[in-house]
Amino acid sequence: MWKLVRYQLRGRRLLYTIGLITMCALTLYQATRFIGMHQDPAQSAPVSMSVPMIMAGFWVLFYAVMTVINIVTYTQDLYGDTGYLVFGLPLRGAEVLGSRIVLLVIDTIMTLLGGMTSVIVLACLAPGLAQQIRPYVGRFLLTGDYWVMCLGVLAVIVSFMTIMFFGVTFGKTLTNSKKHLGSVFSALVVIAVLWASAEFGFMLETRFNGIRLYLSPWRNLPILAAGTQPAIFPLVSPLMFVMLGVLAFVITSWLMDRKLNL
Amino acid sequence: MSMLVQITSLTKRYITTMALSDITLEVPEGHIMGLLGPNGSGKTTLMKILAGLVSPTSGSVLVDGMVPGVGTKAVVSFLPDVNHLDRWMSVGEAGDFYADFYVDFDRKRFEELLAIMRLTAGQKIGSLSKGMVEKARLSLVFSRRARLYILDEPFGGLDPLARAQVLDTLVANFRADCSMILSTQMVADVERFFDDVVFLDGGRVVLSGEAEDLRTRRSASIEDIYREVYGHVEAR
């Protein structure tokens with residue numbers, strides 16, 4: 001599986017390079033804006049904080065693009081000619097699918113690290129921000145609630161992607177058509193599963209109304225105005241969704257091993 | 001004589017199409033089998049099932065004693081009828097990829113084959129002509145010391161000289177402990193290499209047997225028999 005991850009990373013090197021250069025340019029552009037704001041005494045601190053927020057928004061966009069590329073390349077493997085290369089390998093379906101999940105986690109870690117690096121670069125180039133942020137960086141990174149939130153979000157994203165992989169694979173087990181029939185089946189399956197999980201999740205949340213997760217991920221970052229208040233997260237429906245993701249992984253692996261029609 | 005491939009009552013049905021119907025055949029070790037038939041006769045589906053890329057609807061398939069899956073993919077070297085290599089890869093990277101995943105990949109042989117095919121490791125797949133890509137793909141497939149070689153239309157993009165060169169390579173690298181299933185429309189060029197021939201039409205076997213036996217019984221070449229079986233539409 002790790003060899004396949006390495007190969008897929010190699011295939012994406014140009015994409016990663018373009019993405020990171022773009023993000024680097026955006027960071028520098030934001031830094032120049034930030035310096036401009038600090039030279040203008042009329043600008044207040046909350047206004048200047050919008051710059052790192054915009055930067056975070058860019059990183060979320062970067063992550064969204066990488067996630068879409070992940071599902072698109074998987075679809076191309078199944079419906080395109082390169083599928084003969086990947087699915088012809090002496091690997092179990094779980095390994096092929098696992099490599100895709102690992103890629104997703106790598107994208108996530110890269111986005112987190114990139115986002116942090118952006119903040120550090122902004123802080124270095126704009127001394128005003130450094131003074132604002134520096135006292136809190138260490139404590140913020142040691143905030144357990146923040147990491148619990150990140151892991152929870154990652155688990156939900158991975159589950160969502162696994163359901164997408166399941167849908168695409170399911171479409172390919174019904175027909176060997178490289179055209180539209182399999183894609184239509186795939187889309188229908190994904191929509192049906194997500195709709196059912198949303199309905200079931202809503203029902204569970206109503207039934208187990210009192211079970212909530214109280215986290216204060218931003219409590220060590222008081223420069224965020226709302227950071228001190230604990231945030232309430234649903235617990236039952238995300239857990240159900242993650243279990244659905246695990247089930248989707250198992251079924252997709254089985255379909256790849258037994259029912260694929262390339 | 002041990003059988004490397006054993007297919008019994010194999011059927012493959014898609015939602016609206018019957019691709020293969022009640023196929024029964026065997027490929028002995030050390031034999032080259034020609035799989036012949038017009039477009040849509042089921043050749044590619046049969047090859048994909050043997051390569052573990054398509055699941056059969058019913059019937060039994062054994063390759064080297066195993067049901068197609070992870071085990072057989074390690075001993076089957078499959079050349080699809082389309083370019084299955086990523087365009088970003090160089091020829092050398094494609095070799096690295098095969099070496100990483102297939103324990104039977106012989107890197108020295110790969111380098112020899114690249115030299116014969118006049119390819120270099122640094123050439124990008126995306127920048128090669130159709131014929132050159134075909135040569136690179138054949139080099140990769142024949143650099144494996146596989147038990148079964150499955151070649152689907154391997155001469156598509158090759159000019160006559162290159163085709164002769166590839167055929168020489170093919171024969172020179174063929175071993176007695178392996179078998180080969182070869183599908184082609186260029187029957188005249190390769191029929192002398194066939195030990196066995198299977199003619200498919202509409203997903204069914206319409207004629208099969210040892211190539212020499214068929215030639216003797218019908219007093220005709222395999223190409224002539226092809227014309228006789230299918231008419232003049234597909235034969236060249």
# chains A, B, ... in the order shown; residues from 1 in each chain; ligands from 1
>>> closest_atom_pairs(of="chain A", to="chain B", cutoff="7 Å", atoms="only C-alpha atoms", output="CSV")
residue,atom,partner,partner_atom,distance
A:Gly11,CA,B:Trp88,CA,6.7
A:Asp81,CA,B:His84,CA,5.0
A:Thr82,CA,B:His84,CA,4.5
A:Tyr84,CA,B:His84,CA,5.8
A:Leu85,CA,B:His84,CA,5.7
A:Phe87,CA,B:Leu53,CA,7.0
A:Gly88,CA,B:Lys73,CA,6.4
A:Leu89,CA,B:Lys73,CA,6.2
A:Pro90,CA,B:Val70,CA,4.6
A:Leu91,CA,B:Val70,CA,5.8
A:Arg92,CA,B:Val70,CA,6.2
A:Leu174,CA,B:Ile15,CA,6.8
A:Thr175,CA,B:Tyr14,CA,5.8
A:Asp257,CA,B:Gly69,CA,6.9
A:Arg258,CA,B:Ser55,CA,6.4
A:Lys259,CA,B:Ser55,CA,5.4
A:Leu260,CA,B:Val54,CA,5.6
A:Asn261,CA,B:Val54,CA,4.3
A:Leu262,CA,B:Leu53,CA,5.7
>>> select_by_dssp(residues="stretch 14-108 of chain B", states="strand (DSSP E)", output="PyMOL selection string")
chain B and resi 18-28+32-36+58-63+76-79
>>> write_last_selection(atoms="N, CA and C atoms", output="JSON list (two decimals), in the first residue's frame")
[["chain", "number", "residue", "atom", "x", "y", "z"],
["B", 18, "MET", "N", -24.92, -9.94, -22.98],
["B", 18, "MET", "CA", -24.26, -11.22, -22.65],
["B", 18, "MET", "C", -22.90, -11.19, -23.35],
["B", 19, "ALA", "N", -21.83, -10.95, -22.59],
["B", 19, "ALA", "CA", -20.50, -10.80, -23.19],
["B", 19, "ALA", "C", -19.86, -12.15, -23.50],
["B", 20, "LEU", "N", -20.04, -13.10, -22.60],
["B", 20, "LEU", "CA", -19.48, -14.44, -22.80],
["B", 20, "LEU", "C", -20.53, -15.48, -22.41],
["B", 21, "SER", "N", -20.60, -16.55, -23.17],
["B", 21, "SER", "CA", -21.63, -17.54, -22.88],
["B", 21, "SER", "C", -21.04, -18.94, -22.94],
["B", 22, "ASP", "N", -21.03, -19.60, -21.81],
["B", 22, "ASP", "CA", -20.66, -21.02, -21.70],
["B", 22, "ASP", "C", -19.31, -21.34, -22.36],
["B", 23, "ILE", "N", -18.30, -20.61, -21.98],
["B", 23, "ILE", "CA", -16.95, -20.82, -22.55],
["B", 23, "ILE", "C", -16.23, -21.91, -21.76],
["B", 24, "THR", "N", -15.72, -22.89, -22.45],
["B", 24, "THR", "CA", -14.90, -23.92, -21.81],
["B", 24, "THR", "C", -13.64, -24.09, -22.65],
["B", 25, "LEU", "N", -12.49, -23.84, -22.04],
["B", 25, "LEU", "CA", -11.23, -24.06, -22.76],
["B", 25, "LEU", "C", -10.06, -24.20, -21.79],
["B", 26, "GLU", "N", -8.97, -24.73, -22.31],
["B", 26, "GLU", "CA", -7.77, -24.91, -21.50],
["B", 26, "GLU", "C", -6.56, -24.43, -22.27],
["B", 27, "VAL", "N", -5.57, -23.92, -21.54],
["B", 27, "VAL", "CA", -4.31, -23.52, -22.17],
["B", 27, "VAL", "C", -3.18, -24.30, -21.48],
["B", 28, "PRO", "N", -2.52, -25.19, -22.21],
["B", 28, "PRO", "CA", -1.43, -25.96, -21.59],
["B", 28, "PRO", "C", -0.19, -25.09, -21.36],
["B", 32, "ILE", "N", 1.29, -21.17, -26.95],
["B", 32, "ILE", "CA", 0.81, -19.84, -27.33],
["B", 32, "ILE", "C", -0.56, -20.04, -27.97],
["B", 33, "MET", "N", -1.55, -19.39, -27.37],
["B", 33, "MET", "CA", -2.91, -19.55, -27.88],
["B", 33, "MET", "C", -3.37, -18.27, -28.57],
["B", 34, "GLY", "N", -3.85, -18.40, -29.77],
["B", 34, "GLY", "CA", -4.41, -17.25, -30.48],
["B", 34, "GLY", "C", -5.90, -17.15, -30.17],
["B", 35, "LEU", "N", -6.30, -15.98, -29.70],
["B", 35, "LEU", "CA", -7.71, -15.76, -29.41],
["B", 35, "LEU", "C", -8.23, -14.84, -30.50],
["B", 36, "LEU", "N", -9.02, -15.40, -31.39],
["B", 36, "LEU", "CA", -9.41, -14.65, -32.59],
["B", 36, "LEU", "C", -10.91, -14.41, -32.65],
["B", 58, "SER", "N", -20.80, -16.47, -13.92],
["B", 58, "SER", "CA", -20.86, -17.86, -13.46],
["B", 58, "SER", "C", -19.79, -18.67, -14.16],
["B", 59, "GLY", "N", -19.60, -19.89, -13.70],
["B", 59, "GLY", "CA", -18.56, -20.74, -14.26],
["B", 59, "GLY", "C", -17.30, -20.70, -13.44],
["B", 60, "SER", "N", -16.34, -21.50, -13.88],
["B", 60, "SER", "CA", -15.10, -21.62, -13.11],
["B", 60, "SER", "C", -13.90, -21.19, -13.95],
["B", 61, "VAL", "N", -13.01, -20.41, -13.34],
["B", 61, "VAL", "CA", -11.77, -19.98, -14.01],
["B", 61, "VAL", "C", -10.61, -20.25, -13.06],
["B", 62, "LEU", "N", -9.61, -20.96, -13.55],
["B", 62, "LEU", "CA", -8.41, -21.20, -12.76],
["B", 62, "LEU", "C", -7.19, -20.80, -13.58],
["B", 63, "VAL", "N", -6.32, -19.99, -12.97],
["B", 63, "VAL", "CA", -5.06, -19.60, -13.61],
["B", 63, "VAL", "C", -3.94, -20.08, -12.70],
["B", 76, "VAL", "N", 0.41, -13.21, -13.66],
["B", 76, "VAL", "CA", -0.12, -12.89, -14.99],
["B", 76, "VAL", "C", 0.41, -11.53, -15.44],
["B", 77, "SER", "N", 0.96, -11.50, -16.64],
["B", 77, "SER", "CA", 1.43, -10.23, -17.20],
["B", 77, "SER", "C", 0.47, -9.83, -18.32],
["B", 78, "PHE", "N", -0.30, -8.80, -18.07],
["B", 78, "PHE", "CA", -1.39, -8.42, -18.98],
["B", 78, "PHE", "C", -1.06, -7.14, -19.73],
["B", 79, "LEU", "N", -1.25, -7.19, -21.04],
["B", 79, "LEU", "CA", -1.09, -5.99, -21.86],
["B", 79, "LEU", "C", -2.47, -5.62, -22.41]]
>>> residues_around(residues="B:Ala164", least_positions_apart="6", cutoff="10 Å", atoms="only C-alpha atoms", output="PDB file with C-alpha atoms, in the first residue's frame")
ATOM      1  CA  PHE B 155       0.613  -4.672 -32.529  1.00  0.00           C
ATOM      2  CA  LEU B 158       3.371  -0.644 -34.797  1.00  0.00           C
ATOM      3  CA  LEU B 170       8.297 -12.160 -28.199  1.00  0.00           C
ATOM      4  CA  ASP B 189       1.660 -11.983 -39.182  1.00  0.00           C
ATOM      5  CA  VAL B 190       1.453 -14.143 -36.091  1.00  0.00           C
TER       6      VAL B 190
END
>>> residues_around(residues="A:Val105", least_positions_apart="5", cutoff="12 Å", atoms="only C-alpha atoms", output="PyMOL selection string")
chain A and resi 5+63+66-67+70+98-100+110-112+150-151+153-159+161
>>> residues_around(residues="B:Asp106", least_positions_apart="2", cutoff="7 Å", atoms="only C-alpha atoms", output="PyMOL selection string")
chain B and resi 104+108-110+143-144
>>> write_last_selection(atoms="C-alpha atoms", output="PDB file, in the first residue's frame")
ATOM      1  CA  ASP B 104       9.114 -11.328 -11.125  1.00  0.00           C
ATOM      2  CA  LYS B 108      18.250  -6.244 -16.573  1.00  0.00           C
ATOM      3  CA  ARG B 109      15.911  -7.715 -19.131  1.00  0.00           C
ATOM      4  CA  PHE B 110      13.946  -4.474 -19.171  1.00  0.00           C
ATOM      5  CA  SER B 143      10.388  -7.945 -18.552  1.00  0.00           C
ATOM      6  CA  ARG B 144       8.283  -9.913 -16.127  1.00  0.00           C
TER       7      ARG B 144
END
>>> closest_residue(among="B:Gly65, B:Pro154, B:Gly209, B:Pro38", to="B:Arg137", atoms="only C-alpha atoms")
B:Pro154
>>> atom_distance(atom1="atom CA of B:Leu207", atom2="atom CA of B:Val229")
8.4 Å
>>> atom_distance(atom1="atom CA of B:Ser183", atom2="atom CA of B:Val141")
15.0 Å
>>> closest_residue(among="A:Val96, A:Met53, A:Ser253, A:Arg12", to="A:Ile69", atoms="only C-alpha atoms")
A:Arg12
